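Undergrad: I'd like to ask some things about the structure below.
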Amino acid sequence: KAGVTQTPRYLIKTRGQQVTLSCSPISGHRSVSWYQQTPGQGLQFLFEYFSETQRNKGNFPGRFSGRQFSNSRSEMNVSTLELGDSALYLCASSLGPEQYFGPGTRLTVT
Amino acid sequence: KNEVEQSPQNLTAQEGEFITINCSYSVGISALHWLQQHPGGGIVSLFMLSSGKKKHGRLIATINIQEKHSSLHITASHPRDSAVYICAVPSNFGNEKLTFGTGTRLTIIP
């Protein structure tokens, strides 16, 4: 079975721009979670989607949003980028409680 | 909200040594996750356990539910074990939203 894939792997954006990241879960997995990892804050939960519905949400501003499609693929969007949004963004898919992580998208905001 | 503490933050050891990484949490959980992150960012799920002990190759994970404590052990450590090890627990019992420890950076010297 193919693992979780994320695109793009690397991205450089300018302050004020917006960005969309994509995550394709393992086939058959209906839950997709998104995480942000920064050197200062470590790994933090962004949100979780299940069957196209947001099921859980972390403590991030409204500039961070996401969605899930009927094929379980998920996207997250960050609008009005700030320097502090530079991070590794990881998604993970699951069928049950165990999560399988993708390789991440490294976003640099300049 | 679950608070997670890991120790030590950094650990350097000689090849062949027995390694122990500790994780404590504050709120009762359904399961605890141990994750491994290599340079470059990709995260691999090593264990998910809710009681007792699990073993996979040279890695052993134990959990004491009453004491809210888990340990990850590596026997006969090898330089390829060098990575950051992260424990993660649900934010609340039964909730799949994960809270992460700050990670233990392990370096094994040949």
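Naming scheme: A, B, ... for chains in displayed order of the structure tokens; residues 1 onward per chain; ligands 1 onward as shown.
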At a cut-off of 8 Å, list the chain B residues touching chain A, using only C-alpha atoms, as a ChimeraX atom specification.
TA: /B:33,41-45,48,96-100,102
Undergrad: If you count only C-alpha atoms, which residues fall within 10 Å of B:Ile74, apart from same-chain ones fewer than 4 positions away, as a PyMOL selection string?
TA: chain B and resi 16-21+55-61+78+81
Undergrad: Deliver the residues from the most recent selection as a file, using N, CA and C atoms, as a PDB file, in the first residue's frame.
TA:
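Saved to result05.pdb:
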```pdb
ATOM      1  N   GLY B  16      26.047   0.684  20.958  1.00  0.00           N
ATOM      2  CA  GLY B  16      25.940  -0.516  21.784  1.00  0.00           C
ATOM      3  C   GLY B  16      25.288  -0.277  23.135  1.00  0.00           C
ATOM      4  N   GLU B  17      25.207   0.979  23.546  1.00  0.00           N
ATOM      5  CA  GLU B  17      24.625   1.270  24.868  1.00  0.00           C
ATOM      6  C   GLU B  17      23.113   1.049  24.868  1.00  0.00           C
ATOM      7  N   PHE B  18      22.589   0.827  26.059  1.00  0.00           N
ATOM      8  CA  PHE B  18      21.148   0.678  26.272  1.00  0.00           C
ATOM      9  C   PHE B  18      20.579   2.075  26.525  1.00  0.00           C
ATOM     10  N   ILE B  19      19.537   2.409  25.792  1.00  0.00           N
ATOM     11  CA  ILE B  19      18.983   3.768  25.834  1.00  0.00           C
ATOM     12  C   ILE B  19      17.598   3.738  26.461  1.00  0.00           C
ATOM     13  N   THR B  20      17.312   4.715  27.306  1.00  0.00           N
ATOM     14  CA  THR B  20      15.965   4.876  27.867  1.00  0.00           C
ATOM     15  C   THR B  20      15.514   6.320  27.711  1.00  0.00           C
ATOM     16  N   ILE B  21      14.333   6.484  27.167  1.00  0.00           N
ATOM     17  CA  ILE B  21      13.700   7.805  27.030  1.00  0.00           C
ATOM     18  C   ILE B  21      12.370   7.732  27.773  1.00  0.00           C
ATOM     19  N   LYS B  55       7.269  -4.786  21.845  1.00  0.00           N
ATOM     20  CA  LYS B  55       8.662  -4.921  21.372  1.00  0.00           C
ATOM     21  C   LYS B  55       8.657  -5.013  19.856  1.00  0.00           C
ATOM     22  N   HIS B  56       9.590  -4.279  19.262  1.00  0.00           N
ATOM     23  CA  HIS B  56       9.759  -4.370  17.814  1.00  0.00           C
ATOM     24  C   HIS B  56      11.249  -4.294  17.529  1.00  0.00           C
ATOM     25  N   GLY B  57      11.834  -5.448  17.234  1.00  0.00           N
ATOM     26  CA  GLY B  57      13.273  -5.485  17.010  1.00  0.00           C
ATOM     27  C   GLY B  57      14.024  -5.092  18.271  1.00  0.00           C
ATOM     28  N   ARG B  58      14.873  -4.069  18.165  1.00  0.00           N
ATOM     29  CA  ARG B  58      15.653  -3.619  19.334  1.00  0.00           C
ATOM     30  C   ARG B  58      14.909  -2.560  20.152  1.00  0.00           C
ATOM     31  N   LEU B  59      13.725  -2.212  19.756  1.00  0.00           N
ATOM     32  CA  LEU B  59      12.948  -1.197  20.455  1.00  0.00           C
ATOM     33  C   LEU B  59      11.897  -1.844  21.352  1.00  0.00           C
ATOM     34  N   ILE B  60      11.805  -1.304  22.562  1.00  0.00           N
ATOM     35  CA  ILE B  60      10.811  -1.784  23.522  1.00  0.00           C
ATOM     36  C   ILE B  60      10.114  -0.556  24.096  1.00  0.00           C
ATOM     37  N   ALA B  61       8.800  -0.605  24.159  1.00  0.00           N
ATOM     38  CA  ALA B  61       8.044   0.478  24.786  1.00  0.00           C
ATOM     39  C   ALA B  61       7.214  -0.103  25.919  1.00  0.00           C
ATOM     40  N   HIS B  78      22.579   1.818  17.816  1.00  0.00           N
ATOM     41  CA  HIS B  78      23.373   1.918  16.591  1.00  0.00           C
ATOM     42  C   HIS B  78      23.272   3.344  16.076  1.00  0.00           C
ATOM     43  N   ASP B  81      20.119   4.749  14.794  1.00  0.00           N
ATOM     44  CA  ASP B  81      19.033   5.084  15.729  1.00  0.00           C
ATOM     45  C   ASP B  81      19.005   6.578  16.048  1.00  0.00           C
TER      46      ASP B  81
END
```
Undergrad: Hey, what does DSSP flag as strand (DSSP E or B) within stretch 20-101 of chain B? Can you give it to me as number ranges by chain?
TA: B: 20-25, 32-37, 43-49, 52-56, 59-64, 69-74, 83-90, 98-100
Undergrad: Which one is closest to B:Ala83: B:Thr12, B:Asn2, B:Ser70, B:Ser7? Count only C-alpha atoms.
TA: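 The answer is B:Thr12, which sits nearest to B:Ala83.
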Undergrad: Find the residues around B:Ala13 up to 7 Å (only C-alpha atoms counted), leave out those fewer than 3 positions away in its own chain, and share them as a list of chain:residue names.
TA: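 In the requested form, the answer reads B:Glu17, B:Thr107, B:Ile108, B:Ile109.
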Undergrad: If we count only C-alpha atoms, what is near B:Val27 at a cut-off of 10 Å, once residues fewer than 4 positions away on the same chain are taken out, given as a ChimeraX atom specification?
TA: /B:1-4,68,89-93
Undergrad: Suppose we keep N, CA and C atoms; can you now write the selection as an mmCIF file, in the first residue's frame?
TA:
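And here is the file that came out, part-v6.cif:
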```cif
data_model
loop_
_atom_site.group_PDB
_atom_site.id
_atom_site.type_symbol
_atom_site.label_atom_id
_atom_site.label_comp_id
_atom_site.auth_asym_id
_atom_site.auth_seq_id
_atom_site.Cartn_x
_atom_site.Cartn_y
_atom_site.Cartn_z
ATOM 1 N N LYS B 1 -6.696 19.585 29.542
ATOM 2 C CA LYS B 1 -5.779 19.330 28.447
ATOM 3 C C LYS B 1 -4.581 18.536 28.983
ATOM 4 N N ASN B 2 -4.166 17.548 28.211
ATOM 5 C CA ASN B 2 -3.051 16.722 28.645
ATOM 6 C C ASN B 2 -1.722 17.458 28.494
ATOM 7 N N GLU B 3 -0.910 17.377 29.553
ATOM 8 C CA GLU B 3 0.432 17.930 29.502
ATOM 9 C C GLU B 3 1.401 16.760 29.365
ATOM 10 N N VAL B 4 2.366 16.899 28.487
ATOM 11 C CA VAL B 4 3.310 15.810 28.224
ATOM 12 C C VAL B 4 4.718 16.298 28.488
ATOM 13 N N LYS B 68 0.936 7.059 34.879
ATOM 14 C CA LYS B 68 0.907 7.972 33.738
ATOM 15 C C LYS B 68 2.329 8.195 33.210
ATOM 16 N N VAL B 89 0.154 11.902 23.167
ATOM 17 C CA VAL B 89 -1.026 11.349 23.829
ATOM 18 C C VAL B 89 -2.256 12.127 23.377
ATOM 19 N N PRO B 90 -3.434 11.524 23.466
ATOM 20 C CA PRO B 90 -4.653 12.272 23.145
ATOM 21 C C PRO B 90 -4.823 13.434 24.118
ATOM 22 N N SER B 91 -5.355 14.548 23.627
ATOM 23 C CA SER B 91 -5.546 15.725 24.484
ATOM 24 C C SER B 91 -6.512 15.423 25.625
ATOM 25 N N ASN B 92 -7.511 14.640 25.356
ATOM 26 C CA ASN B 92 -8.457 14.196 26.385
ATOM 27 C C ASN B 92 -8.751 12.730 26.132
ATOM 28 N N PHE B 93 -9.177 12.034 27.137
ATOM 29 C CA PHE B 93 -9.437 10.605 26.993
ATOM 30 C C PHE B 93 -10.436 10.360 25.872
#
```
Undergrad: Can you check which parts of stretch 78-107 of chain A lie within 10 Å of stretch 50-54 of chain A? Per residue, the shortest pair of atoms and distance in Å to one decimal, counting only C-alpha atoms, sorted by chain and number, as CSV.
TA:
```
residue,atom,partner,partner_atom,distance
A:Ser93,CA,A:Phe50,CA,9.7
A:Ser94,CA,A:Phe50,CA,9.6
A:Leu95,CA,A:Phe50,CA,10.0
```
Undergrad: Between B:Ser50, B:Gln14, B:Gln6, B:Asn22, which one has atoms that come closest to B:Ser71, using only C-alpha atoms?
TA: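 Between B:Ser50, B:Gln14, B:Gln6, B:Asn22, the residue approaching B:Ser71 most closely is B:Asn22.
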Undergrad: Fewer than 6 positions away in the same chain doesn't count, so skip those; otherwise give me all residues within 7 Å of A:Gln68, counting only C-alpha atoms, as a PyMOL selection string.
TA: chain A and resi 49+52+74-75
Undergrad: Have a look at A:Thr20, A:Thr38, A:Thr7, A:Thr110 and name the one nearest to A:Phe64; count only C-alpha atoms.
TA: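 Among the listed residues, A:Thr20 lies closest to A:Phe64.
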